[in-house]
file model-v4.csv (CSV, C-alpha atoms)
chain,number,residue,atom,x,y,z
D,51,MET,CA,-7.6,-18.3,-32.6
D,52,LYS,CA,-5.7,-21.4,-33.7
D,53,THR,CA,-3.7,-21.4,-36.9
D,54,SER,CA,-6.2,-22.5,-39.5
D,55,ASN,CA,-5.5,-24.6,-42.6
D,56,LEU,CA,-6.5,-21.6,-44.6
D,57,THR,CA,-3.8,-19.5,-43.0
D,58,LYS,CA,-1.2,-22.3,-43.5
D,59,LEU,CA,-2.2,-22.5,-47.2
D,60,ALA,CA,-1.9,-18.7,-47.5
D,61,VAL,CA,1.6,-18.8,-46.1
D,62,GLY,CA,2.6,-21.5,-48.6
D,63,LEU,CA,1.1,-19.6,-51.5
D,64,SER,CA,2.8,-16.4,-50.4
D,65,LEU,CA,6.2,-18.1,-50.2
D,66,ALA,CA,5.5,-19.4,-53.7
D,67,GLY,CA,5.1,-15.9,-54.9
D,68,LEU,CA,1.3,-16.2,-55.4
D,69,SER,CA,-1.2,-13.6,-54.2
D,70,PHE,CA,-3.7,-14.8,-51.5
D,71,THR,CA,-5.7,-13.1,-48.8
D,72,ALA,CA,-5.0,-15.1,-45.6
D,73,THR,CA,-7.8,-13.3,-43.6
D,74,ALA,CA,-10.6,-13.3,-46.1
D,75,ASN,CA,-13.1,-14.1,-43.3
D,76,GLU,CA,-11.6,-11.8,-40.7
D,77,VAL,CA,-13.9,-9.0,-39.5
D,78,THR,CA,-12.2,-5.6,-39.0
D,79,LEU,CA,-13.7,-3.1,-36.6
D,80,ASN,CA,-12.7,0.5,-36.5
D,81,VAL,CA,-12.0,1.7,-32.9
D,82,VAL,CA,-11.8,5.3,-31.6
D,83,SER,CA,-10.8,6.3,-28.1
D,84,PHE,CA,-11.6,9.3,-26.0
D,85,THR,CA,-8.0,10.1,-25.4
D,86,PRO,CA,-5.1,10.4,-27.8
D,87,LYS,CA,-2.9,7.3,-28.5
D,88,THR,CA,0.0,9.1,-26.8
D,89,ALA,CA,-1.8,9.8,-23.6
D,90,ALA,CA,-0.6,7.8,-20.6
D,91,VAL,CA,-4.1,6.5,-19.9
D,92,SER,CA,-4.2,5.1,-23.4
D,93,ALA,CA,-1.8,2.4,-22.3
D,94,GLY,CA,-4.7,0.3,-21.2
D,95,PHE,CA,-6.4,0.8,-24.6
D,96,GLU,CA,-3.3,-0.3,-26.4
D,97,ARG,CA,-3.1,-3.5,-24.3
D,98,PHE,CA,-6.7,-4.2,-25.0
D,99,VAL,CA,-6.5,-3.8,-28.7
D,100,ASN,CA,-3.3,-5.8,-29.0
D,101,ALA,CA,-4.6,-8.6,-26.8
D,102,VAL,CA,-7.8,-9.0,-28.7
D,103,ASN,CA,-6.0,-8.9,-32.1
D,104,GLU,CA,-3.6,-11.6,-30.9
D,105,GLU,CA,-6.3,-13.8,-29.3
D,106,PHE,CA,-8.6,-13.7,-32.3
D,107,GLU,CA,-6.1,-13.4,-35.1
D,108,GLY,CA,-7.7,-14.4,-38.4
D,109,GLU,CA,-11.2,-13.9,-37.0
D,110,LEU,CA,-11.3,-10.4,-35.7
D,111,ALA,CA,-9.0,-7.3,-36.1
D,112,LEU,CA,-9.4,-4.1,-34.2
D,113,ASN,CA,-8.2,-1.1,-36.1
D,114,TRP,CA,-7.5,1.7,-33.6
D,115,ARG,CA,-8.0,4.8,-35.7
D,116,GLY,CA,-7.0,7.3,-33.0
D,117,GLY,CA,-8.7,9.6,-30.4
D,118,PRO,CA,-10.1,13.1,-30.3
D,119,GLU,CA,-8.5,14.0,-33.7
D,120,VAL,CA,-10.9,11.4,-35.2
D,121,MET,CA,-14.0,12.3,-33.3
D,122,PRO,CA,-14.8,14.6,-30.3
D,123,PRO,CA,-14.9,12.4,-27.1
D,124,PHE,CA,-18.4,13.5,-26.1
D,125,ARG,CA,-19.8,12.3,-29.4
D,126,LEU,CA,-18.4,8.8,-29.3
D,127,ALA,CA,-21.4,7.0,-27.7
D,128,ASP,CA,-23.9,8.5,-30.0
D,129,ALA,CA,-21.6,7.7,-33.0
D,130,VAL,CA,-21.6,4.0,-31.9
D,131,ARG,CA,-25.4,4.0,-31.4
D,132,ASN,CA,-25.8,5.5,-34.9
D,133,ASN,CA,-23.4,3.0,-36.4
D,134,SER,CA,-21.0,5.8,-37.5
D,135,ILE,CA,-18.1,3.9,-35.8
D,136,ASP,CA,-17.8,0.3,-34.9
D,137,MET,CA,-16.3,0.5,-31.4
D,138,ALA,CA,-15.5,3.2,-28.8
D,139,LEU,CA,-13.3,3.2,-25.7
D,140,VAL,CA,-14.8,6.0,-23.7
D,141,SER,CA,-15.0,7.4,-20.2
D,142,PRO,CA,-18.3,6.4,-18.5
D,143,SER,CA,-19.0,10.0,-17.6
D,144,TYR,CA,-18.7,11.2,-21.2
D,145,TYR,CA,-22.1,9.6,-22.2
D,146,SER,CA,-24.0,9.8,-18.9
D,147,GLY,CA,-26.6,11.9,-20.8
D,148,LEU,CA,-27.4,8.9,-22.9
D,149,VAL,CA,-27.0,6.2,-20.2
D,150,PRO,CA,-27.4,7.9,-16.9
D,151,SER,CA,-26.1,5.0,-14.8
D,152,SER,CA,-22.9,4.7,-16.9
D,153,SER,CA,-20.7,6.7,-14.6
D,154,SER,CA,-21.6,4.5,-11.6
D,155,ALA,CA,-18.6,2.4,-12.5
D,156,ASN,CA,-16.4,5.1,-11.0
D,157,PHE,CA,-18.2,5.3,-7.7
D,158,SER,CA,-16.5,2.3,-6.0
D,159,PHE,CA,-13.5,1.2,-4.1
D,160,LYS,CA,-13.8,-2.4,-5.2
D,161,ASN,CA,-11.4,-4.1,-7.7
D,162,TYR,CA,-12.5,-5.5,-11.1
D,163,GLU,CA,-13.0,-9.1,-10.0
D,164,GLU,CA,-15.1,-8.1,-7.1
D,165,ILE,CA,-17.3,-6.0,-9.3
D,166,LEU,CA,-17.5,-8.8,-11.9
D,167,GLU,CA,-18.6,-11.3,-9.3
D,168,SER,CA,-21.4,-8.9,-8.2
D,169,GLY,CA,-23.1,-9.2,-11.7
D,170,TYR,CA,-22.6,-5.5,-12.3
D,171,TYR,CA,-21.4,-5.9,-15.9
D,172,ASP,CA,-24.2,-8.2,-16.9
D,173,ARG,CA,-26.7,-5.6,-15.5
D,174,MET,CA,-25.0,-2.8,-17.4
D,175,THR,CA,-25.3,-4.8,-20.6
D,176,GLU,CA,-29.1,-4.8,-20.1
D,177,ILE,CA,-29.2,-1.1,-19.3
D,178,HIS,CA,-27.1,-0.2,-22.3
D,179,ALA,CA,-29.2,-2.4,-24.6
D,180,ASP,CA,-32.3,-0.3,-23.5
D,181,ARG,CA,-30.5,2.7,-24.9
D,182,GLY,CA,-29.5,1.1,-28.2
D,183,LEU,CA,-25.9,0.3,-27.2
D,184,ARG,CA,-23.9,-2.9,-27.1
D,185,TYR,CA,-21.8,-2.9,-23.9
D,186,LEU,CA,-18.9,-5.3,-24.3
D,187,GLY,CA,-17.3,-4.6,-20.9
D,188,GLU,CA,-14.7,-2.4,-19.3
D,189,ILE,CA,-11.0,-1.6,-19.5
D,190,PRO,CA,-10.6,-1.5,-15.7
D,191,ALA,CA,-8.0,0.6,-13.8
D,192,THR,CA,-8.9,0.2,-10.2
D,193,ASP,CA,-5.6,1.6,-9.0
D,194,VAL,CA,-5.9,4.7,-11.2
D,195,LYS,CA,-7.6,7.0,-8.8
D,196,PHE,CA,-8.3,10.8,-8.6
D,197,PHE,CA,-6.9,13.7,-6.8
D,198,LEU,CA,-7.5,17.4,-6.4
D,199,PHE,CA,-4.6,19.6,-7.4
D,200,PHE,CA,-4.1,23.3,-6.5
D,201,LYS,CA,-1.7,26.2,-6.9
D,202,ASP,CA,-2.3,27.6,-3.5
D,203,ARG,CA,-2.1,25.6,-0.3
D,204,ILE,CA,-5.2,23.8,1.0
D,205,ASP,CA,-5.0,22.6,4.6
D,206,GLY,CA,-8.3,20.8,5.0
D,207,ILE,CA,-11.8,20.2,3.8
D,208,ASP,CA,-13.1,23.6,5.1
D,209,ASP,CA,-10.5,25.4,2.9
D,210,LEU,CA,-12.2,24.1,-0.2
D,211,ALA,CA,-15.4,26.1,0.2
D,212,GLY,CA,-15.8,28.6,-2.6
D,213,LYS,CA,-12.8,27.3,-4.6
D,214,ARG,CA,-13.3,27.0,-8.4
D,215,ILE,CA,-12.3,23.5,-9.4
D,216,ARG,CA,-12.3,22.0,-12.9
D,217,VAL,CA,-13.9,18.6,-13.0
D,218,PHE,CA,-15.0,16.0,-15.5
D,219,PRO,CA,-18.8,15.3,-15.2
D,220,THR,CA,-18.4,12.4,-12.7
D,221,GLY,CA,-16.7,14.6,-10.1
D,222,LEU,CA,-19.1,17.6,-10.2
D,223,PRO,CA,-21.4,16.4,-7.3
D,224,PHE,CA,-18.4,15.7,-5.1
D,225,VAL,CA,-16.7,19.1,-5.4
D,226,GLU,CA,-20.1,20.8,-4.9
D,227,ALA,CA,-20.7,18.8,-1.8
D,228,LEU,CA,-17.4,20.1,-0.5
D,229,GLY,CA,-18.7,23.6,-0.9
D,230,ALA,CA,-16.6,24.3,-4.0
D,231,ASN,CA,-17.7,25.5,-7.4
D,232,GLY,CA,-17.2,22.9,-10.1
D,233,LEU,CA,-16.5,23.7,-13.8
D,234,VAL,CA,-16.6,21.0,-16.4
D,235,LEU,CA,-13.7,21.7,-18.8
D,236,PRO,CA,-11.8,19.5,-21.4
D,237,ILE,CA,-8.4,18.4,-20.2
D,238,GLY,CA,-6.7,20.5,-22.9
D,239,GLU,CA,-8.1,23.7,-21.3
D,240,ILE,CA,-6.9,23.1,-17.7
D,241,TYR,CA,-3.4,24.7,-18.0
D,242,THR,CA,-4.7,27.9,-19.5
D,243,ALA,CA,-7.5,28.2,-17.0
D,244,MET,CA,-5.1,27.7,-14.1
D,245,GLU,CA,-2.6,30.2,-15.6
D,246,ARG,CA,-5.3,32.9,-16.0
D,247,GLY,CA,-6.7,32.3,-12.6
D,248,ALA,CA,-10.1,31.2,-14.0
D,249,ILE,CA,-9.9,28.1,-11.7
D,250,ASP,CA,-8.1,27.5,-8.4
D,251,GLY,CA,-7.6,23.8,-8.9
D,252,PHE,CA,-8.7,20.7,-10.8
D,253,MET,CA,-9.6,17.1,-10.5
D,254,GLN,CA,-7.5,14.6,-12.3
D,255,GLY,CA,-5.7,11.3,-12.1
D,256,ASN,CA,-1.9,11.3,-11.8
D,257,LEU,CA,-0.9,9.7,-15.0
D,258,GLY,CA,1.7,11.2,-17.2
D,259,TRP,CA,0.9,14.9,-17.2
D,260,ALA,CA,2.5,16.5,-14.1
D,261,GLU,CA,5.6,18.1,-15.8
D,262,GLN,CA,3.3,20.1,-18.0
D,263,TYR,CA,1.7,21.8,-15.0
D,264,GLU,CA,4.8,22.7,-12.9
D,265,ASP,CA,4.1,26.4,-13.3
D,266,VAL,CA,0.5,26.3,-12.1
D,267,VAL,CA,0.4,23.5,-9.5
D,268,ASN,CA,2.1,23.2,-6.1
D,269,TYR,CA,-0.2,21.0,-4.0
D,270,TYR,CA,-2.5,17.9,-4.1
D,271,ILE,CA,-4.8,16.4,-1.6
D,272,THR,CA,-4.8,12.8,-0.4
D,273,PRO,CA,-6.5,10.3,0.1
D,274,PRO,CA,-7.4,9.7,-3.6
D,275,PHE,CA,-11.0,8.8,-4.4
D,276,TYR,CA,-13.1,6.6,-6.8
D,277,ARG,CA,-11.7,4.2,-9.4
D,278,ALA,CA,-11.1,4.5,-13.1
D,279,GLY,CA,-12.6,2.3,-15.7
D,280,PHE,CA,-13.4,2.8,-19.4
D,281,SER,CA,-16.4,1.5,-21.3
D,282,ILE,CA,-16.1,-0.6,-24.4
D,283,LEU,CA,-19.1,0.1,-26.6
D,284,VAL,CA,-19.8,-1.7,-29.9
D,285,SER,CA,-22.3,-0.7,-32.6
D,286,GLN,CA,-25.1,-3.1,-33.2
D,287,ARG,CA,-24.2,-3.2,-36.9
D,288,ALA,CA,-20.6,-4.2,-36.1
D,289,TRP,CA,-21.8,-6.7,-33.5
D,290,ASP,CA,-24.1,-8.3,-36.1
D,291,ARG,CA,-21.1,-8.7,-38.4
D,292,LEU,CA,-19.5,-11.1,-36.0
D,293,PRO,CA,-20.4,-14.8,-36.1
D,294,GLU,CA,-22.5,-15.8,-33.1
D,295,GLU,CA,-19.8,-18.1,-31.7
D,296,LEU,CA,-17.2,-15.4,-32.0
D,297,ARG,CA,-19.5,-13.0,-30.1
D,298,GLY,CA,-19.7,-15.3,-27.1
D,299,GLU,CA,-15.9,-16.0,-27.2
D,300,LEU,CA,-15.1,-12.3,-27.4
D,301,LEU,CA,-17.5,-11.4,-24.5
D,302,ASP,CA,-16.1,-14.2,-22.3
D,303,TYR,CA,-12.5,-13.3,-23.1
D,304,VAL,CA,-12.9,-9.6,-22.5
D,305,ARG,CA,-14.7,-10.0,-19.2
D,306,HIS,CA,-13.2,-13.1,-17.6
D,307,THR,CA,-9.6,-13.3,-19.0
D,308,LEU,CA,-8.5,-9.9,-20.2
D,309,GLY,CA,-10.4,-7.8,-17.7
D,310,PRO,CA,-8.5,-9.1,-14.6
D,311,GLU,CA,-5.2,-8.9,-16.5
D,312,LEU,CA,-5.8,-5.3,-17.5
D,313,ASP,CA,-6.8,-4.3,-14.0
D,314,GLN,CA,-3.4,-5.5,-12.8
D,315,SER,CA,-1.4,-3.9,-15.6
D,316,TRP,CA,-1.3,-0.3,-14.6
D,317,GLY,CA,1.6,-0.5,-12.1
D,318,ASP,CA,4.3,0.9,-14.4
D,319,VAL,CA,2.1,3.7,-15.7
D,320,ILE,CA,1.0,4.7,-12.1
D,321,ALA,CA,4.6,4.6,-10.9
D,322,ALA,CA,5.7,6.8,-13.8
D,323,GLY,CA,2.9,9.2,-13.0
D,324,ASN,CA,3.8,9.3,-9.3
D,325,GLY,CA,7.4,9.9,-10.3
D,326,GLU,CA,6.4,12.9,-12.4
D,327,VAL,CA,4.4,14.3,-9.5
D,328,ALA,CA,7.4,14.0,-7.3
D,329,ALA,CA,9.8,15.4,-9.9
D,330,ALA,CA,7.5,18.4,-10.4
D,331,GLY,CA,7.7,19.2,-6.7
D,332,PHE,CA,4.0,18.9,-5.9
D,333,GLU,CA,3.5,18.8,-2.2
D,334,GLU,CA,1.1,16.3,-0.7
D,335,ILE,CA,-1.6,17.6,1.7
D,336,ALA,CA,-2.6,14.4,3.5
D,337,LEU,CA,-5.9,14.4,5.2
D,338,GLU,CA,-5.8,12.1,8.2
D,339,GLY,CA,-8.1,10.3,10.6
D,340,GLU,CA,-11.7,11.4,10.8
D,341,GLU,CA,-11.2,14.1,8.2
D,342,ALA,CA,-9.9,11.6,5.6
D,343,GLU,CA,-12.8,9.3,6.4
D,344,ARG,CA,-15.3,12.2,6.0
D,345,TYR,CA,-13.7,13.3,2.7
D,346,LEU,CA,-14.1,9.8,1.2
D,347,GLN,CA,-17.6,9.5,2.6
D,348,ILE,CA,-18.6,12.8,1.0
D,349,ALA,CA,-17.2,11.5,-2.3
D,350,ILE,CA,-19.3,8.4,-2.2
D,351,ASP,CA,-22.5,9.8,-0.8
D,352,ALA,CA,-22.5,12.8,-3.1
D,353,ALA,CA,-21.9,10.6,-6.1
D,354,TRP,CA,-24.7,8.2,-5.4
D,355,GLU,CA,-27.2,10.9,-4.4
D,356,HIS,CA,-26.5,12.5,-7.8
D,357,MET,CA,-26.7,9.0,-9.4
D,358,GLN,CA,-30.2,8.6,-7.9
D,359,GLU,CA,-31.3,11.9,-9.4
D,360,GLN,CA,-29.9,11.1,-12.8
D,361,ILE,CA,-31.3,7.5,-13.0
D,362,GLY,CA,-34.7,8.5,-11.6
D,363,ASN,CA,-35.2,5.0,-10.3
D,364,ASP,CA,-34.6,4.4,-6.6
D,365,GLU,CA,-34.6,0.6,-7.0
D,366,LEU,CA,-32.0,0.5,-9.7
D,367,THR,CA,-29.8,3.0,-7.9
D,368,ALA,CA,-29.9,0.8,-4.8
D,369,GLU,CA,-29.2,-2.3,-6.9
D,370,LEU,CA,-26.1,-0.8,-8.5
D,371,ARG,CA,-24.8,0.7,-5.3
D,372,ALA,CA,-25.1,-2.6,-3.6
D,373,MET,CA,-22.9,-4.1,-6.3
D,374,LEU,CA,-20.3,-1.4,-6.2
D,375,VAL,CA,-20.1,-0.2,-2.6
D,376,GLU,CA,-21.6,-2.6,-0.1

call {"tool": "encode", "arguments": {"input": "model-v4.csv", "output": "structure tokens"}}
result
Amino acid sequence: MKTSNLTKLAVGLSLAGLSFTATANEVTLNVVSFTPKTAAVSAGFERFVNAVNEEFEGELALNWRGGPEVMPPFRLADAVRNNSIDMALVSPSYYSGLVPSSSSANFSFKNYEEILESGYYDRMTEIHADRGLRYLGEIPATDVKFFLFFKDRIDGIDDLAGKRIRVFPTGLPFVEALGANGLVLPIGEIYTAMERGAIDGFMQGNLGWAEQYEDVVNYYITPPFYRAGFSILVSQRAWDRLPEELRGELLDYVRHTLGPELDQSWGDVIAAGNGEVAAAGFEEIALEGEEAERYLQIAIDAAWEHMQEQIGNDELTAELRAMLVE
């Protein structure tokens, strides 16, 4: 992390016109994300990669290879476990089949530091290890929340019954608890499905996409629900390549220094997303009072009821819920 004598020597030799590799002992890890580099949500990934590379210059280099064009998002966790890639930045819900409790990170209204203090990330490290995965931590985005978007007006919770709503896996129990029909579709298929009337609406964050949907969206419901956060998974082979001291420094840096900084870094991205929503002319349908409270309670209760079924362990479910909700 500090400039080493080796690096100073390398600079001197380079200036003298001699060839020398300054980072002969530097470990390079290839990283793949579940979203494209150009996606708004990838702003957090870019900050993470740049920060780690700067902090551990000469010791560790993260080579962000790209996103879905490199590997399909739903295969990332398995690829890490099988040592096919070194590191993945992935939505927790995208590998809940492998680690059923992974998506629990979304089912909270707490911020990153509150969750960190609860011991949640240490517990998830143990849980992932049982499944053959090294869990480095999270790229948190507490203020990146989720909404339901529709073409036709929705005036309240009761109007949602029977609607066909595109969701990502984490949101399926919630929309079904609302009486709607949830369909899990990739982000890239949303517009066509809305245009053809295959779905009535969709669940999504509000980051950097609204102008693409002006023709098929007119309304969105508030209050927003859940929180965003993205898992950082490292293959065991890649982890073993790191010196023991560097492993500890990396883990401490990611969780205790970088994590809080990243959680507070989304302001400009969120503001830009909100600006796009306003510019696109989407109208807010604001649930209020008891109806808003019921809406959020359904979101949390449905999520954790499903979590209990997925985990199959009442004690572990209660432990995680206490860390994230209570």

call {"tool": "closest_atom_pairs", "arguments": {"input": "model-v4.csv", "of": "range 268-336 of chain D", "to": "range 91-101 of chain D", "cutoff": "8 Å", "atoms": "all atoms listed in the file", "output": "Markdown table"}}
result
| residue | atom | partner | partner_atom | distance |
| --- | --- | --- | --- | --- |
| D:Leu308 | CA | D:Phe98 | CA | 7.7 |
| D:Leu312 | CA | D:Gly94 | CA | 6.8 |
| D:Ser315 | CA | D:Gly94 | CA | 7.7 |
| D:Trp316 | CA | D:Gly94 | CA | 7.4 |
| D:Val319 | CA | D:Ala93 | CA | 7.8 |

call {"tool": "residues_near_point", "arguments": {"input": "model-v4.csv", "point": "(-25.2, 1.4, -33.0)", "cutoff": "7 Å", "atoms": "all atoms listed in the file", "output": "compact mmCIF listing (two decimals) with C-alpha atoms, in the frame of the given file"}}
result
# COMPACT_ATOMS: atom_id res chain seq x y z
CA VAL D 130 -21.60 4.00 -31.90
CA ARG D 131 -25.40 4.00 -31.40
CA ASN D 132 -25.80 5.50 -34.90
CA ASN D 133 -23.40 3.00 -36.40
CA GLY D 182 -29.50 1.10 -28.20
CA LEU D 183 -25.90 0.30 -27.20
CA VAL D 284 -19.80 -1.70 -29.90
CA SER D 285 -22.30 -0.70 -32.60
CA GLN D 286 -25.10 -3.10 -33.20
CA ARG D 287 -24.20 -3.20 -36.90

call {"tool": "residues_around", "arguments": {"input": "model-v4.csv", "residues": "Val77 in chain D", "least_positions_apart": "3", "cutoff": "8 Å", "atoms": "only C-alpha atoms", "output": "list in words"}}
result
Glu109, Leu110, Ala111, Arg291 and Leu292 of chain D

call {"tool": "residues_around", "arguments": {"input": "model-v4.csv", "residues": "Leu346 in chain D", "least_positions_apart": "4", "cutoff": "9 Å", "atoms": "all atoms listed in the file", "output": "PyMOL selection string"}}
result
chain D and resi 273-276+341-342+350-351

call {"tool": "atom_distance", "arguments": {"input": "model-v4.csv", "atom1": "CA of Met253 in chain D", "atom2": "CA of Ile189 in chain D"}}
result
20.8 Å

call {"tool": "closest_residue", "arguments": {"input": "model-v4.csv", "among": "D:Ile335, D:Met244, D:Ile320, D:Val82", "to": "Trp259 in chain D", "atoms": "only C-alpha atoms"}}
result
D:Ile320

call {"tool": "closest_residue", "arguments": {"input": "model-v4.csv", "among": "D:Glu105, D:Asp193, D:Glu376, D:Glu295", "to": "Arg277 in chain D", "atoms": "all atoms listed in the file"}}
result
D:Asp193

call {"tool": "atom_distance", "arguments": {"input": "model-v4.csv", "atom1": "CA of Lys87 in chain D", "atom2": "CA of Gln254 in chain D"}}
result
18.4 Å

call {"tool": "closest_residue", "arguments": {"input": "model-v4.csv", "among": "D:Pro190, D:Gly331, D:Gly362, D:Gly116", "to": "Leu166 in chain D", "atoms": "only C-alpha atoms"}}
result
D:Pro190

call {"tool": "closest_residue", "arguments": {"input": "model-v4.csv", "among": "D:Asn103, D:Thr242, D:Ser158, D:Asn80", "to": "Ala353 in chain D", "atoms": "only C-alpha atoms"}}
result
D:Ser158
